[in-house]
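data_5.pdb, holding PDB, C-alpha atoms:
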MODEL        1
ATOM      1  CA  MET A  19     -27.718  83.487 184.451
ATOM      2  CA  LYS A  20     -30.480  84.601 186.816
ATOM      3  CA  SER A  21     -33.319  82.133 187.256
ATOM      4  CA  SER A  22     -35.952  84.659 186.080
ATOM      5  CA  ALA A  23     -33.939  85.431 182.932
ATOM      6  CA  LYS A  24     -33.523  81.708 182.335
ATOM      7  CA  ASN A  25     -37.277  81.116 182.667
ATOM      8  CA  ILE A  26     -38.028  83.891 180.193
ATOM      9  CA  SER A  27     -35.393  82.747 177.709
ATOM     10  CA  GLU A  28     -36.894  79.249 177.841
ATOM     11  CA  GLY A  29     -40.346  80.680 177.140
ATOM     12  CA  ARG A  30     -41.828  79.959 180.568
ATOM     13  CA  VAL A  31     -43.935  82.582 182.302
ATOM     14  CA  ASN A  32     -42.449  83.550 185.634
ATOM     15  CA  LEU A  33     -45.287  83.919 188.154
ATOM     16  CA  ASN A  34     -44.951  85.127 191.718
ATOM     17  CA  LYS A  35     -47.186  84.195 194.683
ATOM     18  CA  ALA A  36     -49.914  86.594 193.563
ATOM     19  CA  GLY A  37     -50.049  84.941 190.131
ATOM     20  CA  CYS A  38     -48.371  87.901 188.413
ATOM     21  CA  SER A  39     -45.960  87.620 185.504
ATOM     22  CA  THR A  40     -42.675  89.284 186.360
ATOM     23  CA  ALA A  41     -39.260  89.587 184.758
ATOM     24  CA  GLU A  42     -37.524  91.585 187.489
ATOM     25  CA  ALA A  43     -37.689  91.871 191.250
ATOM     26  CA  PRO A  44     -41.149  92.988 192.498
ATOM     27  CA  ALA A  45     -39.784  96.267 193.870
ATOM     28  CA  ALA A  46     -38.478  97.218 190.420
ATOM     29  CA  ASN A  47     -41.604  96.145 188.556
ATOM     30  CA  PRO A  48     -44.132  98.954 188.040
ATOM     31  CA  ILE A  49     -46.409  96.786 185.887
ATOM     32  CA  VAL A  50     -48.127  93.781 187.425
ATOM     33  CA  ILE A  51     -50.223  91.477 185.256
ATOM     34  CA  TYR A  52     -52.532  89.121 187.129
ATOM     35  CA  ALA A  53     -52.478  85.875 185.164
ATOM     36  CA  ALA A  54     -55.842  84.713 186.547
ATOM     37  CA  LYS A  55     -57.606  87.778 185.076
ATOM     38  CA  CYS A  56     -55.575  88.179 181.882
ATOM     39  CA  THR A  57     -57.181  86.807 178.705
ATOM     40  CA  GLY A  58     -54.003  87.063 176.627
ATOM     41  CA  CYS A  59     -55.527  89.497 174.102
ATOM     42  CA  ASN A  60     -52.176  91.361 173.877
ATOM     43  CA  ARG A  61     -53.793  94.799 173.622
ATOM     44  CA  CYS A  62     -51.273  96.028 176.194
ATOM     45  CA  VAL A  63     -48.443  94.726 174.010
ATOM     46  CA  ASN A  64     -49.731  96.700 171.035
ATOM     47  CA  ILE A  65     -50.549  99.949 172.872
ATOM     48  CA  CYS A  66     -47.376 100.330 174.967
ATOM     49  CA  GLN A  67     -45.366 103.306 173.726
ATOM     50  CA  VAL A  68     -42.028 101.981 174.973
ATOM     51  CA  ASP A  69     -42.482  98.269 174.161
ATOM     52  CA  LEU A  70     -42.236  96.911 177.706
ATOM     53  CA  PHE A  71     -44.191  93.785 176.885
ATOM     54  CA  LEU A  72     -43.571  90.703 174.797
ATOM     55  CA  PRO A  73     -46.401  88.377 173.811
ATOM     56  CA  ASN A  74     -46.406  85.069 175.639
ATOM     57  CA  ASP A  75     -45.493  81.957 173.665
ATOM     58  CA  VAL A  76     -48.426  80.197 175.315
ATOM     59  CA  LYS A  77     -51.657  81.137 173.542
ATOM     60  CA  GLY A  78     -53.927  83.025 175.932
ATOM     61  CA  GLY A  79     -51.094  83.513 178.447
ATOM     62  CA  PRO A  80     -50.268  86.868 180.018
ATOM     63  CA  PRO A  81     -47.651  88.957 178.221
ATOM     64  CA  LEU A  82     -44.172  89.133 179.663
ATOM     65  CA  VAL A  83     -43.069  92.401 181.236
ATOM     66  CA  MET A  84     -39.548  92.492 179.841
ATOM     67  CA  TYR A  85     -38.294  96.032 180.428
ATOM     68  CA  PRO A  86     -40.096  97.447 183.491
ATOM     69  CA  GLY A  87     -37.363 100.005 184.160
ATOM     70  CA  GLU A  88     -38.287 101.762 180.910
ATOM     71  CA  CYS A  89     -41.922 102.360 181.946
ATOM     72  CA  TRP A  90     -43.190 105.946 181.562
ATOM     73  CA  TYR A  91     -46.138 105.326 183.938
ATOM     74  CA  CYS A  92     -48.576 106.600 181.316
ATOM     75  CA  GLY A  93     -51.196 103.939 182.068
ATOM     76  CA  CYS A  94     -52.059 103.168 178.444
ATOM     77  CA  CYS A  95     -51.862  99.439 179.123
ATOM     78  CA  VAL A  96     -54.275  99.681 182.061
ATOM     79  CA  VAL A  97     -56.778 101.768 180.079
ATOM     80  CA  GLU A  98     -56.585  99.534 176.990
ATOM     81  CA  CYS A  99     -57.045  96.272 178.911
ATOM     82  CA  PRO A 100     -60.595  94.883 178.506
ATOM     83  CA  GLU A 101     -60.393  92.956 181.796
ATOM     84  CA  GLU A 102     -60.710  95.275 184.784
ATOM     85  CA  GLY A 103     -57.977  94.641 187.348
ATOM     86  CA  ALA A 104     -55.833  92.421 185.111
ATOM     87  CA  ILE A 105     -53.048  95.031 184.969
ATOM     88  CA  GLU A 106     -51.893  97.079 187.923
ATOM     89  CA  LEU A 107     -49.641 100.112 187.509
ATOM     90  CA  ARG A 108     -47.527 100.817 190.573
ATOM     91  CA  HIS A 109     -46.176 104.345 190.586
ATOM     92  CA  PRO A 110     -42.928 104.951 192.494
ATOM     93  CA  LEU A 111     -43.409 106.326 195.979
ATOM     94  CA  MET A 112     -41.964 109.717 195.035
ATOM     95  CA  ASN A 113     -44.553 110.065 192.220
ATOM     96  CA  ARG A 114     -47.586 109.247 194.358
ATOM     97  CA  VAL A 115     -49.867 112.031 195.469
ATOM     98  CA  TYR A 116     -51.477 111.899 198.870
ATOM     99  CA  TRP A 117     -54.259 114.425 199.269
ATOM    100  CA  VAL A 118     -54.941 115.877 202.694
ATOM    101  CA  GLU A 119     -58.184 117.593 203.566
ATOM    102  CA  LYS A 120     -57.601 121.268 204.253
ATOM    103  CA  GLU A 121     -59.688 121.119 207.422
ATOM    104  CA  SER A 122     -57.448 118.434 208.935
ATOM    105  CA  LEU A 123     -54.437 120.757 208.691
ATOM    106  CA  ARG A 124     -56.016 123.416 210.881
ATOM    107  CA  ASN A 125     -55.666 121.247 213.976
ATOM    108  CA  TYR A 126     -51.885 121.525 213.947
TER     109      TYR A 126
ENDMDL
END
Since I need it in another form, could you write the structure as structure tokens?
Amino acid sequence: MKSSAKNISEGRVNLNKAGCSTAEAPAANPIVIYAAKCTGCNRCVNICQVDLFLPNDVKGGPPLVMYPGECWYCGCCVVECPEEGAIELRHPLMNRVYWVEKESLRNY
């Protein structure tokens, strides 16, 4: 059994160096919850349309991101969170939009 799966099955929150709860590798995790900012209100657990989150067994602890691969990138959890910056939504590189000023294109 993977160590992260073991930690989750034993009810321990798996935190990385940034203090984020994770259930999968960081590259595959579109949702990052910063434990230092999270109040454990579980609004994100209740609002998520695809049930990515599970409430933490520790009262006031950050919810566990159990199924990050199922994320629709809708951002409901980020909008619903009362603590600004507690949840970060990382869109895949191919879904990111980089705007370029029209004037900067005329130089080429």
Would you please work out which residue, of A:Gln67, A:Ala53, A:Tyr116, A:Val96, is nearest to Pro80 in chain A when using only C-alpha atoms?
->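 Among the listed residues, A:Ala53 lies closest to Pro80 in chain A.
Using all atoms listed in the file, the nearest neighbour of Cys95 in chain A within the list A:Asn64, A:Gly58, A:Asn74, A:Pro48 is A:Asn64.
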Run the PyMOL selection byres ((chain A and resi 60) around 10) on the file and write out the hits as an NGL selection string.
-> :A and (56-59 or 61-65 or 71-74 or 78-81 or 95 or 98-99)
For the residues in that selection, give me C-alpha atoms as a tab-separated table (two decimals), keeping the file's coordinate frame.
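Final file, out_26.tsv:
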chain	number	residue	atom	x	y	z
A	56	CYS	CA	-55.58	88.18	181.88
A	57	THR	CA	-57.18	86.81	178.70
A	58	GLY	CA	-54.00	87.06	176.63
A	59	CYS	CA	-55.53	89.50	174.10
A	61	ARG	CA	-53.79	94.80	173.62
A	62	CYS	CA	-51.27	96.03	176.19
A	63	VAL	CA	-48.44	94.73	174.01
A	64	ASN	CA	-49.73	96.70	171.04
A	65	ILE	CA	-50.55	99.95	172.87
A	71	PHE	CA	-44.19	93.78	176.88
A	72	LEU	CA	-43.57	90.70	174.80
A	73	PRO	CA	-46.40	88.38	173.81
A	74	ASN	CA	-46.41	85.07	175.64
A	78	GLY	CA	-53.93	83.02	175.93
A	79	GLY	CA	-51.09	83.51	178.45
A	80	PRO	CA	-50.27	86.87	180.02
A	81	PRO	CA	-47.65	88.96	178.22
A	95	CYS	CA	-51.86	99.44	179.12
A	98	GLU	CA	-56.58	99.53	176.99
A	99	CYS	CA	-57.04	96.27	178.91
Selection: 10 Å around Glu88 in chain A, only C-alpha atoms, excl. self and same-chain fewer than 4 positions, as an MDAnalysis selection string | chainID A and resid 48 68:70 84
From the list A:Val118, A:Leu123, A:Cys94, A:Ile51, the nearest residue to Leu82 in chain A using all atoms listed in the file is A:Ile51
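CA of Val83 in chain A to CA of Leu111 in chain A spans 20.3 Å [interatomic distance, one decimal].
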The PyMOL selection byres ((chain A and resi 107) around 6) resolved against shown file, as a list in words =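 In the shown coordinates, the PyMOL selection byres ((chain A and resi 107) around 6) covers Pro48, Ile49, Glu106 and Arg108 of chain A.
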Between CA of Trp117 in chain A and CA of Asn47 in chain A, distance in Å (one decimal) =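 Between these atoms lies a distance of 24.7 Å.
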Between CA of Pro86 in chain A and CA of Glu102 in chain A, measure the distance and give it in Å to one decimal.
-> 20.8 Å
Box dimensions and centre (Å, one decimal) enclosing range 75-85 of chain A, axis-aligned, 4 Å extra per side, as AutoDock Vina command-line options:
--center_x -46.1 --center_y 88.1 --center_z 177.4 --size_x 23.6 --size_y 23.8 --size_z 15.7
Do you know which residues lie at most 6 Å from (-55.5, 92.7, 187.7), with coordinates as in the file and all atoms listed in the file counted, and could you write them as a list of chain:residue names?
->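 Checking each residue against the 6 Å limit leaves A:Ile51, A:Tyr52, A:Lys55, A:Gly103, A:Ala104, A:Ile105, A:Glu106.
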Since the input lacks atoms, please generate N, CA and C atoms for range 86-114 of chain A and provide them as a PDB file, in the frame of the given file.
ATOM      1  N   PRO A  86     -39.314  96.596 182.592  1.00  0.00           N
ATOM      2  CA  PRO A  86     -40.096  97.447 183.491  1.00  0.00           C
ATOM      3  C   PRO A  86     -39.406  98.754 183.865  1.00  0.00           C
ATOM      4  N   GLY A  87     -38.093  98.788 183.828  1.00  0.00           N
ATOM      5  CA  GLY A  87     -37.363 100.005 184.160  1.00  0.00           C
ATOM      6  C   GLY A  87     -37.561 101.116 183.142  1.00  0.00           C
ATOM      7  N   GLU A  88     -38.061 100.783 181.963  1.00  0.00           N
ATOM      8  CA  GLU A  88     -38.287 101.762 180.910  1.00  0.00           C
ATOM      9  C   GLU A  88     -39.690 102.358 180.952  1.00  0.00           C
ATOM     10  N   CYS A  89     -40.519 101.929 181.879  1.00  0.00           N
ATOM     11  CA  CYS A  89     -41.922 102.360 181.946  1.00  0.00           C
ATOM     12  C   CYS A  89     -42.022 103.867 182.169  1.00  0.00           C
ATOM     13  N   TRP A  90     -42.942 104.507 181.433  1.00  0.00           N
ATOM     14  CA  TRP A  90     -43.190 105.946 181.562  1.00  0.00           C
ATOM     15  C   TRP A  90     -44.352 106.225 182.503  1.00  0.00           C
ATOM     16  N   TYR A  91     -44.995 105.196 183.021  1.00  0.00           N
ATOM     17  CA  TYR A  91     -46.138 105.326 183.938  1.00  0.00           C
ATOM     18  C   TYR A  91     -47.294 106.082 183.292  1.00  0.00           C
ATOM     19  N   CYS A  92     -47.495 105.894 182.009  1.00  0.00           N
ATOM     20  CA  CYS A  92     -48.576 106.600 181.316  1.00  0.00           C
ATOM     21  C   CYS A  92     -49.930 105.940 181.549  1.00  0.00           C
ATOM     22  N   GLY A  93     -49.953 104.648 181.795  1.00  0.00           N
ATOM     23  CA  GLY A  93     -51.196 103.939 182.068  1.00  0.00           C
ATOM     24  C   GLY A  93     -51.958 103.486 180.844  1.00  0.00           C
ATOM     25  N   CYS A  94     -51.372 103.596 179.668  1.00  0.00           N
ATOM     26  CA  CYS A  94     -52.059 103.168 178.444  1.00  0.00           C
ATOM     27  C   CYS A  94     -52.457 101.693 178.511  1.00  0.00           C
ATOM     28  N   CYS A  95     -51.587 100.875 179.048  1.00  0.00           N
ATOM     29  CA  CYS A  95     -51.862  99.439 179.123  1.00  0.00           C
ATOM     30  C   CYS A  95     -53.057  99.152 180.027  1.00  0.00           C
ATOM     31  N   VAL A  96     -53.168  99.873 181.119  1.00  0.00           N
ATOM     32  CA  VAL A  96     -54.275  99.681 182.061  1.00  0.00           C
ATOM     33  C   VAL A  96     -55.588 100.117 181.421  1.00  0.00           C
ATOM     34  N   VAL A  97     -55.574 101.244 180.720  1.00  0.00           N
ATOM     35  CA  VAL A  97     -56.778 101.768 180.079  1.00  0.00           C
ATOM     36  C   VAL A  97     -57.220 100.862 178.919  1.00  0.00           C
ATOM     37  N   GLU A  98     -56.279 100.352 178.173  1.00  0.00           N
ATOM     38  CA  GLU A  98     -56.585  99.534 176.990  1.00  0.00           C
ATOM     39  C   GLU A  98     -57.067  98.128 177.352  1.00  0.00           C
ATOM     40  N   CYS A  99     -56.707  97.642 178.506  1.00  0.00           N
ATOM     41  CA  CYS A  99     -57.045  96.272 178.911  1.00  0.00           C
ATOM     42  C   CYS A  99     -58.555  96.103 179.071  1.00  0.00           C
ATOM     43  N   PRO A 100     -59.147  95.089 178.395  1.00  0.00           N
ATOM     44  CA  PRO A 100     -60.595  94.883 178.506  1.00  0.00           C
ATOM     45  C   PRO A 100     -61.019  94.238 179.829  1.00  0.00           C
ATOM     46  N   GLU A 101     -60.094  93.619 180.528  1.00  0.00           N
ATOM     47  CA  GLU A 101     -60.393  92.956 181.796  1.00  0.00           C
ATOM     48  C   GLU A 101     -60.004  93.869 182.954  1.00  0.00           C
ATOM     49  N   GLU A 102     -60.987  94.366 183.684  1.00  0.00           N
ATOM     50  CA  GLU A 102     -60.710  95.275 184.784  1.00  0.00           C
ATOM     51  C   GLU A 102     -59.914  94.566 185.880  1.00  0.00           C
ATOM     52  N   GLY A 103     -58.814  95.183 186.284  1.00  0.00           N
ATOM     53  CA  GLY A 103     -57.977  94.641 187.348  1.00  0.00           C
ATOM     54  C   GLY A 103     -56.941  93.634 186.895  1.00  0.00           C
ATOM     55  N   ALA A 104     -56.828  93.377 185.600  1.00  0.00           N
ATOM     56  CA  ALA A 104     -55.833  92.421 185.111  1.00  0.00           C
ATOM     57  C   ALA A 104     -54.430  93.023 185.121  1.00  0.00           C
ATOM     58  N   ILE A 105     -54.343  94.351 184.959  1.00  0.00           N
ATOM     59  CA  ILE A 105     -53.048  95.031 184.969  1.00  0.00           C
ATOM     60  C   ILE A 105     -53.073  96.082 186.064  1.00  0.00           C
ATOM     61  N   GLU A 106     -52.032  96.080 186.866  1.00  0.00           N
ATOM     62  CA  GLU A 106     -51.893  97.079 187.923  1.00  0.00           C
ATOM     63  C   GLU A 106     -50.632  97.894 187.642  1.00  0.00           C
ATOM     64  N   LEU A 107     -50.772  99.205 187.703  1.00  0.00           N
ATOM     65  CA  LEU A 107     -49.641 100.112 187.509  1.00  0.00           C
ATOM     66  C   LEU A 107     -49.243 100.655 188.867  1.00  0.00           C
ATOM     67  N   ARG A 108     -48.031 100.365 189.268  1.00  0.00           N
ATOM     68  CA  ARG A 108     -47.527 100.817 190.573  1.00  0.00           C
ATOM     69  C   ARG A 108     -46.559 101.978 190.367  1.00  0.00           C
ATOM     70  N   HIS A 109     -47.037 103.162 190.700  1.00  0.00           N
ATOM     71  CA  HIS A 109     -46.176 104.345 190.586  1.00  0.00           C
ATOM     72  C   HIS A 109     -45.132 104.324 191.703  1.00  0.00           C
ATOM     73  N   PRO A 110     -43.937 104.855 191.440  1.00  0.00           N
ATOM     74  CA  PRO A 110     -42.928 104.951 192.494  1.00  0.00           C
ATOM     75  C   PRO A 110     -43.435 105.831 193.631  1.00  0.00           C
ATOM     76  N   LEU A 111     -42.955 105.596 194.806  1.00  0.00           N
ATOM     77  CA  LEU A 111     -43.409 106.326 195.979  1.00  0.00           C
ATOM     78  C   LEU A 111     -43.272 107.833 195.807  1.00  0.00           C
ATOM     79  N   MET A 112     -42.178 108.282 195.194  1.00  0.00           N
ATOM     80  CA  MET A 112     -41.964 109.717 195.035  1.00  0.00           C
ATOM     81  C   MET A 112     -42.938 110.336 194.029  1.00  0.00           C
ATOM     82  N   ASN A 113     -43.593 109.545 193.194  1.00  0.00           N
ATOM     83  CA  ASN A 113     -44.553 110.065 192.220  1.00  0.00           C
ATOM     84  C   ASN A 113     -45.993 110.003 192.700  1.00  0.00           C
ATOM     85  N   ARG A 114     -46.227 109.379 193.837  1.00  0.00           N
ATOM     86  CA  ARG A 114     -47.586 109.247 194.358  1.00  0.00           C
ATOM     87  C   ARG A 114     -48.022 110.538 195.017  1.00  0.00           C
TER      88      ARG A 114
END
